[in-house]
Structures are given as structure tokens and as C-alpha cells.
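Below is input_6.tsv, holding TSV, C-alpha atoms.
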chain	number	residue	atom	x	y	z
A	1	MET	CA	84.20	115.72	114.50
A	2	ILE	CA	82.41	114.24	111.57
A	3	ILE	CA	85.43	112.16	110.66
A	4	SER	CA	85.62	110.60	114.10
A	5	ARG	CA	81.92	109.83	113.96
A	6	ILE	CA	82.26	108.18	110.55
A	7	SER	CA	85.28	106.18	111.65
A	8	ARG	CA	83.39	105.01	114.72
A	9	ILE	CA	80.63	103.65	112.49
A	10	LEU	CA	83.17	102.03	110.18
A	11	ALA	CA	85.00	100.43	113.10
A	12	GLY	CA	82.11	98.19	114.12
A	13	TYR	CA	81.66	95.07	112.07
A	14	GLU	CA	77.99	94.98	113.08
A	15	ASN	CA	77.47	97.88	110.69
A	16	LEU	CA	78.92	95.99	107.74
A	17	SER	CA	75.63	95.14	106.07
A	18	LEU	CA	74.30	98.65	106.72
A	19	LEU	CA	77.39	100.15	105.13
A	20	TYR	CA	77.09	97.86	102.13
A	21	ALA	CA	73.40	98.70	101.74
A	22	VAL	CA	74.23	102.43	101.73
A	23	LEU	CA	76.88	101.83	99.07
A	24	VAL	CA	74.46	99.81	96.90
A	25	ILE	CA	71.79	102.51	97.16
A	26	ALA	CA	74.34	105.17	96.26
A	27	GLY	CA	75.45	103.06	93.29
A	28	ILE	CA	71.88	102.60	92.10
A	29	VAL	CA	71.14	106.34	92.42
A	30	ILE	CA	74.23	107.23	90.40
A	31	GLY	CA	73.60	104.41	87.94
A	32	PHE	CA	70.03	105.56	87.34
A	33	THR	CA	71.39	108.41	85.25
A	34	SER	CA	72.67	105.87	82.72
A	35	ILE	CA	69.38	103.97	82.40
A	36	PRO	CA	68.05	106.06	79.46
A	37	GLY	CA	71.26	105.21	77.61
A	38	ILE	CA	70.82	101.45	78.00
A	39	VAL	CA	69.35	99.96	74.85
A	40	TYR	CA	68.42	96.30	74.65
A	41	HIS	CA	70.67	94.57	72.19
A	42	GLY	CA	68.27	92.32	70.31
A	43	ASP	CA	70.99	90.60	68.31
A	44	ASP	CA	71.99	88.47	71.26
A	45	LEU	CA	74.93	86.10	71.16
A	46	TYR	CA	72.95	83.28	72.80
A	47	PRO	CA	69.50	83.46	71.23
A	48	LYS	CA	66.63	81.54	72.73
A	49	THR	CA	63.21	80.75	71.37
A	50	ILE	CA	60.56	79.19	73.54
A	51	ASP	CA	58.23	76.61	72.05
A	52	ARG	CA	55.49	76.00	74.59
A	53	SER	CA	54.22	72.85	72.87
A	54	SER	CA	57.56	71.04	72.98
A	55	ALA	CA	58.13	68.29	75.54
A	56	LEU	CA	61.49	69.85	76.36
A	57	ASP	CA	60.03	73.29	77.07
A	58	PRO	CA	61.73	75.60	78.11
A	59	TYR	CA	65.05	73.91	77.29
A	60	ASP	CA	64.31	73.03	73.69
A	61	ARG	CA	66.86	74.64	71.43
A	62	GLY	CA	65.94	72.51	68.45
A	63	GLY	CA	68.46	70.82	66.24
A	64	GLU	CA	69.35	67.30	65.39
A	65	PRO	CA	71.75	65.18	67.51
A	66	PHE	CA	75.05	64.24	65.83
A	67	GLY	CA	74.19	66.41	62.88
A	68	ASN	CA	75.37	69.84	61.89
A	69	THR	CA	73.00	72.19	63.62
A	70	SER	CA	74.02	75.81	63.39
A	71	VAL	CA	74.69	77.16	66.87
A	72	ALA	CA	75.70	80.74	67.56
A	73	ALA	CA	79.10	81.13	69.19
A	74	GLN	CA	81.43	84.01	69.81
A	75	TYR	CA	84.51	82.11	68.67
A	76	PRO	CA	83.37	79.18	66.49
A	77	GLU	CA	87.01	78.38	65.68
A	78	ASN	CA	87.50	77.27	69.29
A	79	SER	CA	84.69	74.72	69.13
A	80	PRO	CA	85.37	72.44	66.15
A	81	TYR	CA	82.45	70.13	67.00
A	82	LEU	CA	79.96	72.97	67.36
A	83	GLY	CA	76.41	71.83	66.69
A	84	TYR	CA	77.25	68.15	66.96
A	85	VAL	CA	75.60	67.15	70.22
A	86	THR	CA	72.79	69.69	70.40
A	87	ALA	CA	69.57	68.22	71.78
A	88	TYR	CA	71.09	64.80	72.43
A	89	LEU	CA	69.00	62.81	74.89
A	90	THR	CA	69.90	59.53	76.54
A	91	PRO	CA	67.48	56.69	75.68
A	92	PHE	CA	65.78	57.02	79.06
A	93	SER	CA	65.31	60.77	78.60
A	94	GLN	CA	64.09	60.18	75.04
A	95	PHE	CA	61.51	57.77	76.44
A	96	LEU	CA	60.38	60.35	79.00
A	97	ALA	CA	60.23	63.07	76.36
A	98	ASP	CA	58.13	60.87	74.08
A	99	THR	CA	55.66	59.72	76.72
A	100	THR	CA	55.26	62.79	78.93
A	101	SER	CA	55.28	66.49	78.21
A	102	HIS	CA	57.14	67.47	81.35
A	103	LEU	CA	60.75	66.59	80.66
A	104	GLY	CA	61.65	70.28	80.65
A	105	THR	CA	60.78	70.52	84.31
A	106	THR	CA	63.00	67.61	85.32
A	107	ILE	CA	65.82	68.33	82.96
A	108	VAL	CA	68.41	69.02	85.62
A	109	SER	CA	67.44	66.19	87.93
A	110	HIS	CA	68.54	63.22	85.85
A	111	PRO	CA	71.80	62.59	84.03
A	112	GLY	CA	72.01	63.08	80.32
A	113	GLY	CA	68.70	64.88	80.22
A	114	ILE	CA	69.81	67.17	77.49
A	115	ILE	CA	73.18	68.18	76.24
A	116	ASP	CA	73.06	71.84	75.51
A	117	GLU	CA	75.72	72.97	73.13
A	118	ILE	CA	75.99	76.42	74.70
A	119	LEU	CA	76.04	75.25	78.30
A	120	TYR	CA	78.38	72.32	77.95
A	121	ASN	CA	80.45	73.11	74.92
A	122	THR	CA	80.98	76.76	74.14
A	123	ARG	CA	80.63	77.91	77.77
A	124	GLY	CA	81.80	74.74	79.43
A	125	LEU	CA	84.14	76.49	81.88
A	126	ASP	CA	81.12	78.29	83.37
A	127	THR	CA	79.44	74.95	84.03
A	128	VAL	CA	82.58	73.67	85.73
A	129	VAL	CA	82.89	76.74	87.97
A	130	GLU	CA	79.19	76.71	88.89
A	131	THR	CA	79.49	73.10	90.02
A	132	SER	CA	82.67	73.92	91.94
A	133	ILE	CA	80.83	76.68	93.85
A	134	LEU	CA	78.11	74.20	94.80
A	135	PHE	CA	80.71	71.63	95.77
A	136	THR	CA	82.55	74.14	97.97
A	137	ALA	CA	79.30	75.11	99.69
A	138	PHE	CA	78.48	71.44	100.34
A	139	ALA	CA	81.99	70.82	101.63
A	140	ILE	CA	81.66	73.64	104.17
A	141	ALA	CA	78.19	72.55	105.25
A	142	SER	CA	79.12	68.89	105.60
A	143	PHE	CA	82.29	69.68	107.55
A	144	LEU	CA	80.36	71.85	110.00
A	145	PHE	CA	77.57	69.29	110.28
A	146	ARG	CA	79.79	66.29	110.86
A	147	ARG	CA	81.96	68.12	113.38
A	148	ARG	CA	79.04	68.34	115.78
A	149	GLU	CA	79.21	64.59	116.34
A	150	GLY	CA	82.72	64.60	117.70
B	1	MET	CA	92.52	95.46	73.95
B	2	PHE	CA	96.26	95.31	74.41
B	3	ASP	CA	96.79	98.84	73.09
B	4	LEU	CA	95.08	100.16	76.24
B	5	PRO	CA	97.54	101.64	78.72
B	6	ILE	CA	96.36	99.52	81.65
B	7	GLU	CA	96.88	96.15	80.00
B	8	GLY	CA	100.40	96.16	78.65
B	9	ALA	CA	101.54	93.63	76.09
B	10	GLN	CA	99.73	90.38	75.47
B	11	LEU	CA	101.56	87.39	76.90
B	12	MET	CA	99.24	84.49	76.25
B	13	ALA	CA	95.66	83.50	75.42
B	14	LEU	CA	93.92	80.32	76.56
B	15	GLU	CA	90.79	79.18	74.74
B	16	PHE	CA	87.93	77.42	76.48
B	17	GLY	CA	85.30	77.62	73.77
B	18	ASP	CA	83.66	81.02	73.98
B	19	ILE	CA	85.60	81.87	77.13
B	20	VAL	CA	89.05	83.01	76.08
B	21	ASP	CA	91.31	83.69	79.03
B	22	TYR	CA	94.13	86.14	78.55
B	23	PHE	CA	97.35	87.08	80.24
B	24	SER	CA	98.49	90.65	79.73
B	25	VAL	CA	101.35	92.17	81.71
B	26	TYR	CA	98.80	93.40	84.26
B	27	THR	CA	96.71	90.25	84.71
B	28	GLY	CA	99.82	88.07	84.34
B	29	THR	CA	101.40	89.83	87.31
B	30	LEU	CA	98.26	89.34	89.39
B	31	PHE	CA	98.16	85.69	88.31
B	32	VAL	CA	101.77	85.14	89.41
B	33	PHE	CA	100.99	86.67	92.81
B	34	ALA	CA	97.95	84.43	93.23
B	35	LEU	CA	100.00	81.40	92.16
B	36	LEU	CA	102.74	82.28	94.64
B	37	PHE	CA	100.33	82.50	97.55
B	38	THR	CA	98.53	79.32	96.52
B	39	VAL	CA	101.85	77.46	96.52
B	40	LEU	CA	102.63	78.98	99.92
B	41	ALA	CA	99.29	77.73	101.27
B	42	ILE	CA	100.07	74.27	99.93
B	43	VAL	CA	103.61	73.90	101.23
B	44	SER	CA	103.78	75.95	104.42
B	45	LEU	CA	103.17	74.63	107.89
B	46	PRO	CA	100.55	76.40	109.98
B	47	GLU	CA	101.42	78.81	112.73
B	48	LYS	CA	101.34	77.82	116.39
B	49	PRO	CA	99.73	80.85	118.02
B	50	MET	CA	101.05	81.68	121.47
B	51	ASP	CA	99.36	83.86	124.06
B	52	ILE	CA	101.50	85.55	126.68
B	53	VAL	CA	99.76	86.38	129.93
B	54	PHE	CA	100.13	90.08	130.49
B	55	GLY	CA	102.22	91.03	133.50
B	56	GLY	CA	103.68	87.60	134.10
B	57	ASP	CA	105.96	84.95	132.71
B	58	ALA	CA	103.19	82.53	131.84
B	59	TYR	CA	102.28	81.70	128.27
B	60	TYR	CA	100.20	79.10	126.60
B	61	THR	CA	99.89	77.81	123.05
B	62	LYS	CA	96.59	77.44	121.28
B	63	ASP	CA	95.88	73.99	120.01
B	64	ILE	CA	94.36	73.81	116.53
B	65	PRO	CA	92.67	70.46	115.87
B	66	LEU	CA	94.10	68.55	112.94
B	67	ASP	CA	90.79	68.19	111.10
B	68	LEU	CA	90.14	71.93	111.29
B	69	LEU	CA	93.63	72.58	110.05
B	70	ARG	CA	93.18	70.29	107.06
B	71	PHE	CA	89.85	71.85	106.23
B	72	GLN	CA	91.31	75.35	106.41
B	73	ARG	CA	94.12	74.33	104.11
B	74	PHE	CA	91.66	72.77	101.66
B	75	MET	CA	89.59	75.95	101.62
B	76	ALA	CA	92.69	78.14	101.27
B	77	ILE	CA	93.84	76.13	98.25
B	78	ALA	CA	90.33	76.28	96.74
B	79	CYS	CA	90.36	80.03	97.32
B	80	GLY	CA	93.74	80.26	95.59
B	81	LEU	CA	92.47	78.31	92.59
B	82	ALA	CA	89.38	80.53	92.35
B	83	THR	CA	91.66	83.57	92.48
B	84	LEU	CA	93.81	82.14	89.69
B	85	GLY	CA	90.68	81.69	87.59
B	86	ALA	CA	89.41	85.20	88.29
B	87	MET	CA	92.77	86.74	87.42
B	88	ALA	CA	92.98	85.12	83.99
B	89	SER	CA	89.31	85.10	82.99
B	90	GLY	CA	88.49	86.81	79.72
B	91	ASP	CA	84.74	86.71	80.11
B	92	ILE	CA	82.53	88.85	82.35
B	93	PHE	CA	80.17	86.10	83.49
B	94	ASN	CA	83.02	83.69	84.10
B	95	PHE	CA	84.73	86.35	86.19
B	96	THR	CA	81.61	86.89	88.31
B	97	LEU	CA	81.37	83.15	88.92
B	98	PHE	CA	84.97	83.00	90.12
B	99	SER	CA	84.31	86.06	92.33
B	100	SER	CA	81.41	84.40	94.08
B	101	MET	CA	83.54	81.28	94.53
B	102	ILE	CA	86.18	83.43	96.23
B	103	GLY	CA	83.47	84.83	98.51
B	104	ILE	CA	82.25	81.41	99.59
B	105	THR	CA	85.75	79.97	100.14
B	106	ASN	CA	86.63	83.03	102.25
B	107	ILE	CA	83.74	82.16	104.55
B	108	GLY	CA	84.82	78.53	104.49
B	109	ILE	CA	88.31	79.34	105.75
B	110	VAL	CA	86.99	80.81	108.99
B	111	ALA	CA	83.66	78.99	109.23
B	112	ALA	CA	84.93	76.19	111.45
B	113	VAL	CA	86.91	78.33	113.91
B	114	ARG	CA	85.57	78.01	117.45
B	115	ASN	CA	85.75	81.66	118.38
B	116	ARG	CA	82.58	83.63	118.93
B	117	HIS	CA	84.10	86.95	117.93
B	118	VAL	CA	85.48	85.62	114.65
B	119	LEU	CA	82.26	83.81	113.81
B	120	GLU	CA	80.16	86.92	114.38
B	121	ALA	CA	82.35	88.91	112.01
B	122	ALA	CA	82.26	86.04	109.51
B	123	PHE	CA	78.47	85.99	109.77
B	124	GLN	CA	78.23	89.67	108.84
B	125	TYR	CA	80.67	89.05	106.02
B	126	GLY	CA	78.59	86.10	104.86
B	127	ILE	CA	75.42	88.17	104.67
B	128	VAL	CA	77.15	90.85	102.61
B	129	ALA	CA	78.77	88.24	100.32
B	130	MET	CA	75.38	86.63	99.77
B	131	VAL	CA	73.60	89.90	99.00
B	132	ALA	CA	76.47	90.99	96.76
B	133	THR	CA	75.69	88.26	94.24
B	134	VAL	CA	72.65	90.29	93.14
B	135	PRO	CA	74.61	93.34	91.85
B	136	LEU	CA	77.42	91.05	90.69
B	137	PHE	CA	75.35	88.84	88.39
B	138	GLY	CA	72.99	91.74	87.66
B	139	GLY	CA	75.96	93.64	86.26
B	140	ALA	CA	76.88	90.71	84.01
B	141	ALA	CA	73.24	90.41	82.89
B	142	ILE	CA	73.08	94.11	81.97
B	143	VAL	CA	76.31	93.73	79.99
B	144	LEU	CA	74.85	90.82	77.98
B	145	ALA	CA	71.51	92.57	77.46
B	146	SER	CA	72.97	95.88	76.32
B	147	THR	CA	75.93	94.70	74.24
B	148	GLY	CA	74.94	91.17	73.21
B	149	THR	CA	78.25	89.64	74.27
B	150	LEU	CA	80.18	88.82	77.42
B	151	SER	CA	83.68	88.43	76.05
B	152	ILE	CA	86.13	91.06	77.27
B	153	TRP	CA	88.00	90.69	73.98
B	154	ALA	CA	84.93	91.91	72.10
B	155	LEU	CA	84.03	94.60	74.62
B	156	ALA	CA	87.51	96.07	75.12
B	157	GLY	CA	87.88	99.69	74.15
B	158	ALA	CA	84.38	99.92	72.70
B	159	ALA	CA	82.95	101.78	75.74
B	160	ALA	CA	79.64	100.03	75.07
B	161	VAL	CA	79.05	98.83	78.63
B	162	PRO	CA	76.65	101.16	80.50
B	163	LEU	CA	77.73	102.89	83.68
B	164	LEU	CA	75.14	101.02	85.74
B	165	ALA	CA	76.66	97.64	84.81
B	166	LYS	CA	80.14	98.84	85.77
B	167	ILE	CA	78.90	100.17	89.13
B	168	PHE	CA	77.10	96.87	89.77
B	169	LEU	CA	80.23	94.86	88.96
B	170	VAL	CA	82.37	96.93	91.31
B	171	LEU	CA	79.73	96.76	94.07
B	172	GLY	CA	79.44	93.02	93.66
B	173	VAL	CA	83.19	92.51	93.93
B	174	MET	CA	83.26	94.85	96.93
B	175	GLY	CA	80.74	92.61	98.64
B	176	GLU	CA	82.38	89.34	97.67
B	177	GLY	CA	85.95	90.34	98.33
B	178	MET	CA	85.30	92.92	101.02
B	179	ALA	CA	88.04	95.06	99.60
B	180	PRO	CA	87.12	98.36	101.25
B	181	PHE	CA	85.51	96.91	104.39
B	182	TYR	CA	88.68	96.08	106.17
B	183	ILE	CA	87.12	96.14	109.60
B	184	GLY	CA	85.26	92.92	108.85
B	185	LYS	CA	88.53	91.42	107.70
B	186	ALA	CA	90.50	92.63	110.67
B	187	GLU	CA	88.12	90.85	113.00
B	188	ILE	CA	88.09	87.72	110.85
B	189	THR	CA	91.86	87.43	110.70
B	190	ARG	CA	92.01	87.12	114.47
B	191	ALA	CA	91.23	83.48	113.78
B	192	PRO	CA	94.20	81.21	114.34
B	193	GLY	CA	95.53	79.45	111.28
B	194	ALA	CA	97.92	81.70	109.38
B	195	PRO	CA	98.93	81.46	106.55
B	196	TYR	CA	95.58	80.04	105.46
B	197	VAL	CA	93.63	82.95	106.92
B	198	LEU	CA	95.84	85.40	105.03
B	199	MET	CA	94.51	83.93	101.79
B	200	ILE	CA	91.32	85.93	102.50
B	201	HIS	CA	93.29	89.17	102.27
B	202	VAL	CA	95.28	88.19	99.21
B	203	SER	CA	92.31	86.95	97.20
B	204	SER	CA	90.15	90.00	97.85
B	205	LEU	CA	92.96	92.42	97.10
B	206	LEU	CA	93.77	90.72	93.79
B	207	LEU	CA	90.07	90.47	92.92
B	208	PHE	CA	89.61	94.19	93.43
B	209	LEU	CA	92.65	95.00	91.29
B	210	ARG	CA	91.23	92.78	88.57
B	211	VAL	CA	87.77	94.37	88.56
B	212	VAL	CA	89.39	97.79	88.24
B	213	GLU	CA	91.15	96.51	85.13
B	214	ILE	CA	87.92	95.10	83.70
B	215	VAL	CA	85.94	98.28	84.35
B	216	LEU	CA	88.63	100.41	82.73
B	217	THR	CA	88.93	98.07	79.74
B	218	VAL	CA	85.29	97.45	78.76

Just dump the structure as C-alpha cells.
Amino acid sequence: MIISRISRILAGYENLSLLYAVLVIAGIVIGFTSIPGIVYHGDDLYPKTIDRSSALDPYDRGGEPFGNTSVAAQYPENSPYLGYVTAYLTPFSQFLADTTSHLGTTIVSHPGGIIDEILYNTRGLDTVVETSILFTAFAIASFLFRRREG
Amino acid sequence: MFDLPIEGAQLMALEFGDIVDYFSVYTGTLFVFALLFTVLAIVSLPEKPMDIVFGGDAYYTKDIPLDLLRFQRFMAIACGLATLGAMASGDIFNFTLFSSMIGITNIGIVAAVRNRHVLEAAFQYGIVAMVATVPLFGGAAIVLASTGTLSIWALAGAAAVPLLAKIFLVLGVMGEGMAPFYIGKAEITRAPGAPYVLMIHVSSLLLFLRVVEIVLTV
């Protein structure tokens, strides 16, 4: 009896989000038991300090471009030029950073805003995959949008 | 890591900075499967679905427009590449990124099909895949906060990852790949366009096998 009722619920794809919500709630309830055991690991691999007075806030990681800034990395032997391009700004971005105090808010909207060692060098594959996800989403949206014309 | 029973011997390691991909016997096998199906999606010609009228001799073939077919093939290949990445990834956050890419390409494969039934199932799937990014990336965030690293090499065998993070990772992959919710898949794969549509099945199955390996390793 109960099995046939459950299988009837599972057979309808309209119940998919409901089923997933039930699973997530069950997972959270079970996972709650492990919360007291979770301790914040202060010695983080990718440390970040926020300097509110900097023009690059909150992206300022300090350092000197084309110098030898020490940057934390899990496998420094895989990144021979680690610390070389930290905080490099293109001349235009340097101009913006010198004249305004809001470059940190526009950092992603213009090219060469800041080259972050961690984002682009040690974890570069993540950056590539993130952009690919966006590209895939745009490809789907543009295909569906343009198809309406024909 | 490679002394764990699930992994088998180490075959190869690929370094991308802090992200070091690895091929053990287990993940190497999954990678070869994903590669095989990606090559199949590239080289094979699409099916020509044929409907036979019940109780008579009449039959008719469904016509799939060429642009839709090309788009489906593009999405199937993208899905295959994302699966290849997820199979080899040696980093938790990188793995979650590839998982969400698999989720979005799965929607893309069926998104342009003009069939109300398929689109309704794909819509439900899309909602779950979207919501599933919260536990997926939340799991990776808890791993980084509680252990200070994301590399599977560093985490392997240490049992330092909390149970909540593991549950979140599995839940996230369940939502992205739909591994246990086969009813949503069964409705979706009514869409014409095999073998591209079958990529949805292959990618989610391989993704689920991979997350089992990760949860047992870290």
C-alpha cells in the first residue's frame, strides 16, 4: 500500500522540486548533528585582509606588480611565477584608482582591472570553467531568443 | 590517497596551479567512458524517429530542424567536455563548477525541443538544478572553512571534512545530475535527438559515481 503510494508520487515529474526539497531538509536535519564538530580553520589557504581605505577595496591584496610578493598557494612548485603579477593594473585602471576611490566596485566591468594571482594564476582553471558556464548559459538563451524570429 | 581501496593505483597527475587533476584506476575508467561518449556524440549521425500509427500500416517520420540538431550536438559535446573535467578534477571547488556546468548543458540539450511535455519536465529539472547550486557550493565552502584547503590530495584519508559538507555535496550533485530522480529524466528523454539526448543520462551517472568517490576519499 505505502509503496504504491510512494511510487505514485515519484512517478510524477511535477513533484520533482517537492521531492528534492524533502531530501534537502532531511540532509540538513541529519547534518545538523555534525555542526558542533565543525571548527573554523583560521589558517586559511587563501587569506584575505580588507583595507577599507584602499581605492581597490575589497579586491586589494597588496603587493607590488612584477616583484616578488609572497602569495599563499597549495602547490607553489606548480606556479613558478607566483607573486609576479599581483596587483597589476593597466594604465587606465591605474588612472581610475589614483583619481577615484571606487575602482573596487567596477573591478570586474573593465578589462585588466586587476590581475589577482589567486584567481588567474593558482586557480586559473576555476576562472576558465566559470566563464564557460556563463558562455553556455548565454548560448542557450541566445539560441532560444533568435529562434523566435524564424 | 592512492592507498585507499576505492581509488586503485595512480595513473597520472595533471597540474593546473593549485588544481591538480588526477587519474586513478577508478576516475580513469570514468574518464574513458566520458571520452567514449563524447566521441560518439561528435561522430554519430542523429536518429530519425519514426512513429507508427497504431492499428494501421501508416507511419510518419519526425523532422528535426537542422539548426536545432546542430545546437543539440553542440550542447552534447559541451556536456561531454564538462563531464571529462568533473571526472578528472582533483579539487572540490573545481568539481562543483564542472557539476553545475553539466546541469546547465543538460537543460540546453532539451531546451530547444518543441514538445510541451518534454519542456515541462525540463522546466522542473531546471528549477531543481538551479536550487541545487546552493548545497553544492555551500558544501565546498564548508570544506574550505573547516579544513582550510580544497585540494582532494590534501584532504584524502584525513577524514577532516564534516558530515554536513559531504551531505551537501551529494545533495548538490543529485540536483545537478538528477541521478536518483529518473522520472524527470525519463520524460526528458522522450525528446527526439538521440544520441545527443542520451548524453544527459551518461553525464549524470558518471557525475554521481564520481561524487561517491570524493565523499569516500575526503

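Coordinates place atom CA of Ala154 of chain B at a distance of 17.3 Å from atom CA of Gly8 of chain B.
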
Pull out every residue of chain B sitting within 8 Å of chain A, counting only C-alpha atoms, and send them as a PyMOL selection string.
chain B and resi 15-19+71+93-94+97-98+100-101+104-105+108+111-112+121+124-125+127-128+144-149+151+162-164+167-168+171+175+181+183-184+187

What residues have an atom no more than 7 Å from (93.1, 96.4, 72.3) in the file's own frame, counting all atoms listed in the file, and can you write them as a PyMOL selection string?
chain B and resi 1-4+156-157

Selected residues, C-alpha atoms, written as a short mmCIF file (atom, residue, chain, number, x, y, z; two decimals), in the frame of the given file, please.
data_model
loop_
_atom_site.label_atom_id
_atom_site.label_comp_id
_atom_site.auth_asym_id
_atom_site.auth_seq_id
_atom_site.Cartn_x
_atom_site.Cartn_y
_atom_site.Cartn_z
CA MET B 1 92.52 95.46 73.95
CA PHE B 2 96.26 95.31 74.41
CA ASP B 3 96.79 98.84 73.09
CA LEU B 4 95.08 100.16 76.24
CA ALA B 156 87.51 96.07 75.12
CA GLY B 157 87.88 99.69 74.15
#

Best match for closeness to Val110 of chain B among B:Val20, B:Ala165, B:Leu69, B:Val218, counting all atoms listed in the file
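Ranked by minimum distance to Val110 of chain B, first place goes to B:Leu69.
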
To one decimal place, how far is atom CA of Thr49 of chain A from atom CA of Arg61 of chain A in Å?
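Spanning atom CA of Thr49 of chain A to atom CA of Arg61 of chain A is a straight-line distance of 7.1 Å.
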
Fewer than 3 positions away in the same chain doesn't count, so skip those; otherwise give me all residues within 6 Å of segment 47-49 of chain B, counting all atoms listed in the file, as a PDB file with C-alpha atoms, in the coordinates of the input.
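Final output, result_6.pdb:
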ATOM      1  CA  THR B  61      99.890  77.810 123.050  1.00  0.00           C
ATOM      2  CA  LYS B  62      96.590  77.440 121.280  1.00  0.00           C
ATOM      3  CA  ALA B 194      97.920  81.700 109.380  1.00  0.00           C
TER       4      ALA B 194
END

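The space separating atom CA of Met50 of chain B from atom CA of Ile77 of chain B comes to 24.9 Å.
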